[in-house]
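Remarks on the structure that follows.
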Amino acid sequence: NGNGSNTVTEYAVPYTGGPSATISTGIDDPVSLAVDPNGSLYVANSAANTVTVYAPPYSLAPTTVSNGLNAPNSVALDSHGNLFVSNLNSTPNSVLEYTPPFAQSSVPAAWITNGISEQGAIAVNAAANLFVPNQGANSVTEYGAPYNGTPTTIKGGQSQPIALAIDGSGNLYVANYGNNSITIYSPPYAGGSWLTINNGVANPQALALSPATTL
């Protein structure tokens, strides 16, 4: 909750009551969230140039990561617990990788810039490959560890791609803000065909998949 509230609220199933937790310490213009398998919450704070990490039940002071961050606008985690943070205002545009344990002094393990242009909400698949939607290039770039090589560029049907999701089969979903659509790509993504969903889609800005891979 930005726009002056600067909180993250947690709601328990069935989501009809008030919040079960309200988190405010360390939060300043929150724009992206991620949760790891242990339930720890990661919050990208755009105005504070930080990512704050909260352990359940989210009532204690957070761990703060800030080294190298400039208006972080997206966070993602891989299966090893590594943290990826999109740096929207860095020059050049970048995504940084941090390895646990996280601390104020954490130094990026990777600084990824090749092919990145006005990036949106990033994603990481089960193989720890990083995917970045580039609104400035109408593309998605895919990076394999250690993320310092030339990326694979995924194009076709995209217009200002702003957010991503990946299902259990590895299919890539792209929200295209510029043409009011969701495009879906099957592995290996580049050079293949894609499925387009546009019925009822208007200015999409985020994506999420249910366990049954329902969009």
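Note on naming: chains are A, B, ... as they come in the structure tokens, residues start from 1 per chain, ligands start from 1 in the order shown.
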
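Summary of the local environment: counting only C-alpha atoms, residues at most 10 Å from Pro92 (chain A), other than itself and those fewer than 4 positions away along its chain, are A:Asn87, A:Leu88, A:Ile112, A:Thr113, A:Asn114, A:Gly115, A:Ile116, A:Ser117, A:Glu118.
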
Take the selection from the previous step and output its residues with N, CA and C atoms, as a PDB file, in the first residue's frame.
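Ended up saving to again30.pdb:
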ATOM      1  N   ASN A  87      16.456  -2.657 -10.914  1.00  0.00           N
ATOM      2  CA  ASN A  87      16.845  -1.282 -10.609  1.00  0.00           C
ATOM      3  C   ASN A  87      16.349  -0.373 -11.719  1.00  0.00           C
ATOM      4  N   LEU A  88      15.213   0.264 -11.546  1.00  0.00           N
ATOM      5  CA  LEU A  88      14.604   1.007 -12.648  1.00  0.00           C
ATOM      6  C   LEU A  88      15.372   2.274 -12.985  1.00  0.00           C
ATOM      7  N   ILE A 112      23.514  -7.167 -13.719  1.00  0.00           N
ATOM      8  CA  ILE A 112      23.083  -7.564 -15.066  1.00  0.00           C
ATOM      9  C   ILE A 112      22.536  -6.340 -15.795  1.00  0.00           C
ATOM     10  N   THR A 113      23.133  -6.016 -16.945  1.00  0.00           N
ATOM     11  CA  THR A 113      22.711  -4.845 -17.713  1.00  0.00           C
ATOM     12  C   THR A 113      22.484  -5.150 -19.191  1.00  0.00           C
ATOM     13  N   ASN A 114      23.112  -6.181 -19.715  1.00  0.00           N
ATOM     14  CA  ASN A 114      23.079  -6.458 -21.154  1.00  0.00           C
ATOM     15  C   ASN A 114      21.648  -6.735 -21.628  1.00  0.00           C
ATOM     16  N   GLY A 115      21.145  -5.912 -22.549  1.00  0.00           N
ATOM     17  CA  GLY A 115      19.829  -6.123 -23.122  1.00  0.00           C
ATOM     18  C   GLY A 115      18.668  -5.562 -22.344  1.00  0.00           C
ATOM     19  N   ILE A 116      18.937  -4.913 -21.212  1.00  0.00           N
ATOM     20  CA  ILE A 116      17.850  -4.418 -20.354  1.00  0.00           C
ATOM     21  C   ILE A 116      17.495  -2.979 -20.720  1.00  0.00           C
ATOM     22  N   SER A 117      16.186  -2.715 -20.866  1.00  0.00           N
ATOM     23  CA  SER A 117      15.718  -1.385 -21.258  1.00  0.00           C
ATOM     24  C   SER A 117      14.345  -1.117 -20.652  1.00  0.00           C
ATOM     25  N   GLU A 118      14.293  -0.226 -19.666  1.00  0.00           N
ATOM     26  CA  GLU A 118      13.040   0.164 -19.013  1.00  0.00           C
ATOM     27  C   GLU A 118      12.279  -1.081 -18.549  1.00  0.00           C
TER      28      GLU A 118
END

With only C-alpha atoms as the counted atoms, please give the residues lying no more than 6 Å from region 28-33 of chain A, apart from itself and same-chain residues fewer than 5 positions off, as JSON, numbers by chain. {"A": [2, 6, 42, 43, 44, 45, 46, 47, 48, 73, 74]}

Would you save the residues of that selection, restricted to C-alpha atoms, as a tab-separated table (two decimals), in the first residue's frame?
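Contents of result-v2.tsv, as written:
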chain	number	residue	atom	x	y	z
A	2	GLY	CA	1.81	3.11	-1.25
A	6	ASN	CA	3.47	2.82	3.24
A	42	TYR	CA	10.59	-9.33	0.61
A	43	VAL	CA	9.46	-5.76	-0.15
A	44	ALA	CA	10.95	-3.44	-2.79
A	45	ASN	CA	10.82	0.12	-1.45
A	46	SER	CA	11.17	2.43	-4.42
A	47	ALA	CA	11.48	5.71	-2.50
A	48	ALA	CA	13.99	4.34	0.03
A	73	ASN	CA	10.72	-1.77	-8.88
A	74	SER	CA	10.62	-5.59	-8.77

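Close contacts of region 166-172 of chain A, defined as residues with an atom at most 10 Å away when counting only C-alpha atoms, with chain neighbours fewer than 2 positions off set aside, comprise Ala123, Val124, Asn125, Ala126, Ala127, Phe131, Val140, Leu164, Val174, Thr183, Ile184, Tyr185, Ser186, Pro187, Pro188, Tyr189, Trp194, Leu207, Ala208, Leu209, Ser210, Pro211, Ala212, Thr213, Thr214 and Leu215 of chain A.
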
Write out as a list in words each polymer residue whose atoms come within 8 Å of Ser40 (chain A), counting only C-alpha atoms; drop sequence neighbours fewer than 2 positions from it. Val35, Asp36, Pro37, Asn38, Tyr42, Val53, Tyr54, Ala55 and Pro56 of chain A

Taking the DSSP assignment computed from this structure's backbone, write out as a compact mmCIF listing (two decimals) with N, CA, C and O atoms, in the first residue's frame all residues of region 10-186 of chain A that belong to strand (DSSP E).
# COMPACT_ATOMS: atom_id res chain seq x y z
N GLU A 10 -1.45 -8.19 5.31
CA GLU A 10 -1.62 -9.62 5.08
C GLU A 10 -3.05 -10.02 5.41
O GLU A 10 -3.59 -9.60 6.44
N ALA A 21 -2.18 -9.05 9.51
CA ALA A 21 -0.95 -8.35 9.89
C ALA A 21 -0.82 -7.10 9.04
O ALA A 21 -1.20 -7.09 7.86
N THR A 22 -0.32 -6.03 9.65
CA THR A 22 -0.01 -4.80 8.93
C THR A 22 1.45 -4.46 9.21
O THR A 22 1.84 -4.28 10.36
N ILE A 23 2.23 -4.39 8.15
CA ILE A 23 3.68 -4.19 8.26
C ILE A 23 4.01 -2.79 7.78
O ILE A 23 3.62 -2.40 6.67
N PRO A 30 6.20 1.03 -1.31
CA PRO A 30 6.38 -0.37 -1.72
C PRO A 30 5.76 -0.63 -3.09
O PRO A 30 4.63 -0.25 -3.36
N VAL A 31 6.53 -1.30 -3.97
CA VAL A 31 6.07 -1.50 -5.35
C VAL A 31 6.11 -2.96 -5.79
O VAL A 31 5.55 -3.30 -6.85
N SER A 32 6.74 -3.85 -5.01
CA SER A 32 6.83 -5.25 -5.42
C SER A 32 7.07 -6.12 -4.20
O SER A 32 7.75 -5.70 -3.25
N LEU A 33 6.51 -7.35 -4.24
CA LEU A 33 6.62 -8.29 -3.12
C LEU A 33 7.06 -9.66 -3.62
O LEU A 33 6.79 -10.04 -4.76
N ALA A 34 7.71 -10.41 -2.74
CA ALA A 34 8.00 -11.82 -2.98
C ALA A 34 8.01 -12.53 -1.64
O ALA A 34 8.28 -11.92 -0.60
N VAL A 35 7.71 -13.82 -1.65
CA VAL A 35 7.70 -14.63 -0.42
C VAL A 35 8.51 -15.89 -0.69
O VAL A 35 8.33 -16.55 -1.72
N LEU A 41 9.02 -12.45 3.88
CA LEU A 41 8.47 -11.49 2.93
C LEU A 41 9.55 -10.50 2.50
O LEU A 41 10.27 -9.96 3.34
N TYR A 42 9.63 -10.27 1.18
CA TYR A 42 10.59 -9.33 0.61
C TYR A 42 9.82 -8.18 -0.03
O TYR A 42 8.91 -8.41 -0.83
N VAL A 43 10.18 -6.94 0.32
CA VAL A 43 9.46 -5.76 -0.15
C VAL A 43 10.44 -4.81 -0.83
O VAL A 43 11.44 -4.40 -0.22
N ALA A 44 10.17 -4.45 -2.08
CA ALA A 44 10.95 -3.44 -2.79
C ALA A 44 10.39 -2.08 -2.46
O ALA A 44 9.22 -1.79 -2.73
N ASN A 45 11.22 -1.23 -1.86
CA ASN A 45 10.82 0.12 -1.45
C ASN A 45 11.44 1.14 -2.40
O ASN A 45 12.62 1.49 -2.27
N THR A 50 15.64 0.47 -1.19
CA THR A 50 15.94 -0.69 -0.35
C THR A 50 15.02 -1.85 -0.70
O THR A 50 13.97 -1.68 -1.31
N VAL A 51 15.45 -3.04 -0.27
CA VAL A 51 14.57 -4.19 -0.15
C VAL A 51 14.60 -4.58 1.33
O VAL A 51 15.67 -4.77 1.91
N THR A 52 13.42 -4.68 1.95
CA THR A 52 13.34 -5.07 3.35
C THR A 52 12.78 -6.49 3.43
O THR A 52 11.87 -6.86 2.69
N VAL A 53 13.37 -7.28 4.33
CA VAL A 53 13.04 -8.70 4.47
C VAL A 53 12.47 -8.93 5.86
O VAL A 53 13.11 -8.59 6.87
N TYR A 54 11.27 -9.53 5.92
CA TYR A 54 10.55 -9.74 7.18
C TYR A 54 10.31 -11.23 7.38
O TYR A 54 9.77 -11.91 6.50
N THR A 63 15.39 -7.12 8.00
CA THR A 63 16.73 -7.02 7.42
C THR A 63 16.63 -6.13 6.18
O THR A 63 15.68 -6.24 5.41
N THR A 64 17.59 -5.24 6.00
CA THR A 64 17.55 -4.29 4.89
C THR A 64 18.71 -4.53 3.92
O THR A 64 19.86 -4.65 4.35
N VAL A 65 18.38 -4.60 2.63
CA VAL A 65 19.38 -4.69 1.57
C VAL A 65 19.31 -3.40 0.77
O VAL A 65 18.22 -3.00 0.34
N PRO A 72 14.30 0.53 -6.78
CA PRO A 72 13.95 -0.86 -7.12
C PRO A 72 12.46 -0.99 -7.40
O PRO A 72 11.64 -0.47 -6.65
N ASN A 73 12.13 -1.68 -8.50
CA ASN A 73 10.72 -1.77 -8.88
C ASN A 73 10.21 -3.20 -8.98
O ASN A 73 9.04 -3.42 -9.31
N SER A 74 11.07 -4.20 -8.70
CA SER A 74 10.62 -5.59 -8.77
C SER A 74 11.61 -6.47 -8.04
O SER A 74 12.82 -6.22 -8.07
N VAL A 75 11.09 -7.52 -7.37
CA VAL A 75 11.94 -8.51 -6.71
C VAL A 75 11.49 -9.91 -7.11
O VAL A 75 10.31 -10.15 -7.40
N ALA A 76 12.44 -10.84 -7.14
CA ALA A 76 12.15 -12.24 -7.43
C ALA A 76 13.18 -13.10 -6.73
O ALA A 76 14.31 -12.65 -6.46
N LEU A 77 12.81 -14.35 -6.44
CA LEU A 77 13.70 -15.29 -5.75
C LEU A 77 13.84 -16.55 -6.58
O LEU A 77 12.88 -17.00 -7.21
N LEU A 83 18.31 -13.59 -4.28
CA LEU A 83 17.40 -12.47 -4.48
C LEU A 83 17.80 -11.67 -5.71
O LEU A 83 18.96 -11.28 -5.85
N PHE A 84 16.83 -11.42 -6.59
CA PHE A 84 17.04 -10.59 -7.78
C PHE A 84 16.20 -9.33 -7.64
O PHE A 84 15.01 -9.40 -7.31
N VAL A 85 16.83 -8.18 -7.90
CA VAL A 85 16.15 -6.90 -7.74
C VAL A 85 16.33 -6.07 -9.01
O VAL A 85 17.45 -5.85 -9.47
N SER A 86 15.21 -5.61 -9.56
CA SER A 86 15.24 -4.74 -10.73
C SER A 86 15.47 -3.31 -10.29
O SER A 86 14.79 -2.80 -9.41
N ASN A 87 16.46 -2.66 -10.91
CA ASN A 87 16.84 -1.28 -10.61
C ASN A 87 16.35 -0.37 -11.72
O ASN A 87 17.00 -0.22 -12.76
N SER A 94 19.34 -1.99 -14.85
CA SER A 94 20.01 -3.19 -14.37
C SER A 94 19.11 -4.05 -13.51
O SER A 94 18.08 -3.61 -13.00
N VAL A 95 19.53 -5.31 -13.34
CA VAL A 95 18.99 -6.22 -12.34
C VAL A 95 20.17 -6.72 -11.51
O VAL A 95 21.19 -7.14 -12.08
N LEU A 96 20.04 -6.68 -10.19
CA LEU A 96 21.11 -7.11 -9.31
C LEU A 96 20.73 -8.42 -8.63
O LEU A 96 19.56 -8.65 -8.30
N GLU A 97 21.73 -9.30 -8.43
CA GLU A 97 21.53 -10.55 -7.70
C GLU A 97 22.26 -10.47 -6.37
O GLU A 97 23.44 -10.07 -6.32
N TYR A 98 21.59 -10.89 -5.29
CA TYR A 98 22.19 -10.98 -3.96
C TYR A 98 22.05 -12.40 -3.46
O TYR A 98 21.00 -13.05 -3.66
N ALA A 110 25.90 -10.41 -8.79
CA ALA A 110 25.85 -10.18 -10.23
C ALA A 110 25.17 -8.85 -10.48
O ALA A 110 24.23 -8.47 -9.79
N TRP A 111 25.67 -8.15 -11.50
CA TRP A 111 25.11 -6.86 -11.91
C TRP A 111 24.79 -7.01 -13.39
O TRP A 111 25.68 -7.00 -14.24
N ILE A 112 23.51 -7.17 -13.72
CA ILE A 112 23.08 -7.56 -15.07
C ILE A 112 22.54 -6.34 -15.80
O ILE A 112 21.59 -5.70 -15.32
N ALA A 123 11.05 -12.20 -13.39
CA ALA A 123 10.66 -13.53 -12.92
C ALA A 123 11.86 -14.45 -13.03
O ALA A 123 12.78 -14.22 -13.84
N VAL A 124 11.86 -15.53 -12.24
CA VAL A 124 12.92 -16.55 -12.27
C VAL A 124 12.24 -17.91 -12.35
O VAL A 124 11.28 -18.17 -11.63
N LEU A 130 16.84 -16.15 -15.28
CA LEU A 130 16.20 -14.85 -15.02
C LEU A 130 15.54 -14.34 -16.29
O LEU A 130 16.14 -14.37 -17.37
N PHE A 131 14.30 -13.84 -16.16
CA PHE A 131 13.56 -13.27 -17.28
C PHE A 131 13.23 -11.81 -16.96
O PHE A 131 12.75 -11.50 -15.86
N VAL A 132 13.50 -10.93 -17.94
CA VAL A 132 13.30 -9.50 -17.74
C VAL A 132 12.44 -8.94 -18.86
O VAL A 132 12.81 -9.04 -20.03
N PRO A 133 11.28 -8.33 -18.55
CA PRO A 133 10.48 -7.66 -19.58
C PRO A 133 11.02 -6.25 -19.83
O PRO A 133 11.18 -5.47 -18.89
N ASN A 134 11.31 -5.95 -21.08
CA ASN A 134 11.92 -4.68 -21.44
C ASN A 134 10.92 -3.82 -22.20
O ASN A 134 10.71 -4.01 -23.40
N SER A 139 10.61 -6.50 -25.70
CA SER A 139 11.21 -7.82 -25.67
C SER A 139 11.26 -8.34 -24.24
O SER A 139 11.09 -7.59 -23.27
N VAL A 140 11.49 -9.66 -24.13
CA VAL A 140 11.84 -10.27 -22.85
C VAL A 140 13.21 -10.90 -23.04
O VAL A 140 13.45 -11.61 -24.02
N THR A 141 14.13 -10.63 -22.12
CA THR A 141 15.46 -11.24 -22.20
C THR A 141 15.62 -12.28 -21.11
O THR A 141 15.18 -12.09 -19.98
N GLU A 142 16.23 -13.42 -21.49
CA GLU A 142 16.43 -14.55 -20.59
C GLU A 142 17.93 -14.73 -20.33
O GLU A 142 18.73 -14.74 -21.27
N TYR A 143 18.29 -14.87 -19.05
CA TYR A 143 19.69 -14.98 -18.64
C TYR A 143 19.89 -16.26 -17.83
O TYR A 143 19.13 -16.53 -16.90
N THR A 152 19.29 -14.56 -24.14
CA THR A 152 18.38 -14.96 -25.20
C THR A 152 17.25 -13.93 -25.26
O THR A 152 16.69 -13.56 -24.22
N THR A 153 16.93 -13.46 -26.47
CA THR A 153 15.89 -12.44 -26.63
C THR A 153 14.62 -13.09 -27.15
O THR A 153 14.64 -13.78 -28.17
N ILE A 154 13.53 -12.87 -26.43
CA ILE A 154 12.22 -13.42 -26.78
C ILE A 154 11.37 -12.27 -27.31
O ILE A 154 11.12 -11.29 -26.60
N PRO A 161 6.03 -4.74 -22.73
CA PRO A 161 5.86 -5.82 -21.75
C PRO A 161 6.24 -5.34 -20.37
O PRO A 161 7.31 -4.78 -20.17
N ILE A 162 5.34 -5.56 -19.40
CA ILE A 162 5.51 -4.92 -18.09
C ILE A 162 5.59 -5.91 -16.94
O ILE A 162 6.11 -5.59 -15.87
N ALA A 163 5.10 -7.15 -17.14
CA ALA A 163 5.11 -8.12 -16.04
C ALA A 163 5.14 -9.53 -16.60
O ALA A 163 4.68 -9.77 -17.72
N LEU A 164 5.65 -10.46 -15.79
CA LEU A 164 5.84 -11.85 -16.21
C LEU A 164 5.31 -12.81 -15.15
O LEU A 164 5.23 -12.48 -13.97
N ALA A 165 5.00 -14.02 -15.61
CA ALA A 165 4.73 -15.15 -14.71
C ALA A 165 5.17 -16.41 -15.43
O ALA A 165 5.17 -16.48 -16.67
N ILE A 166 5.56 -17.43 -14.67
CA ILE A 166 6.01 -18.70 -15.22
C ILE A 166 5.28 -19.82 -14.50
O ILE A 166 5.24 -19.85 -13.27
N LEU A 172 5.91 -19.28 -20.26
CA LEU A 172 6.13 -17.88 -19.89
C LEU A 172 4.94 -17.03 -20.29
O LEU A 172 4.50 -17.06 -21.44
N TYR A 173 4.40 -16.28 -19.34
CA TYR A 173 3.26 -15.39 -19.56
C TYR A 173 3.76 -13.95 -19.48
O TYR A 173 4.45 -13.57 -18.54
N VAL A 174 3.38 -13.14 -20.47
CA VAL A 174 3.85 -11.76 -20.55
C VAL A 174 2.65 -10.82 -20.62
O VAL A 174 1.79 -10.95 -21.50
N ALA A 175 2.59 -9.86 -19.70
CA ALA A 175 1.56 -8.82 -19.73
C ALA A 175 2.07 -7.67 -20.58
O ALA A 175 3.12 -7.08 -20.29
N ASN A 176 1.32 -7.35 -21.65
CA ASN A 176 1.71 -6.30 -22.58
C ASN A 176 0.81 -5.08 -22.39
O ASN A 176 -0.34 -5.06 -22.82
N SER A 181 -2.81 -7.05 -23.94
CA SER A 181 -2.82 -8.49 -24.18
C SER A 181 -1.91 -9.22 -23.20
O SER A 181 -1.05 -8.62 -22.54
N ILE A 182 -2.12 -10.53 -23.13
CA ILE A 182 -1.21 -11.45 -22.46
C ILE A 182 -0.71 -12.41 -23.53
O ILE A 182 -1.51 -13.04 -24.23
N THR A 183 0.61 -12.53 -23.68
CA THR A 183 1.18 -13.48 -24.63
C THR A 183 1.85 -14.61 -23.86
O THR A 183 2.46 -14.38 -22.81
N ILE A 184 1.71 -15.84 -24.37
CA ILE A 184 2.19 -17.04 -23.68
C ILE A 184 3.16 -17.77 -24.60
O ILE A 184 2.84 -18.05 -25.76
N TYR A 185 4.34 -18.10 -24.06
CA TYR A 185 5.41 -18.72 -24.82
C TYR A 185 5.81 -20.03 -24.15
O TYR A 185 6.00 -20.07 -22.93
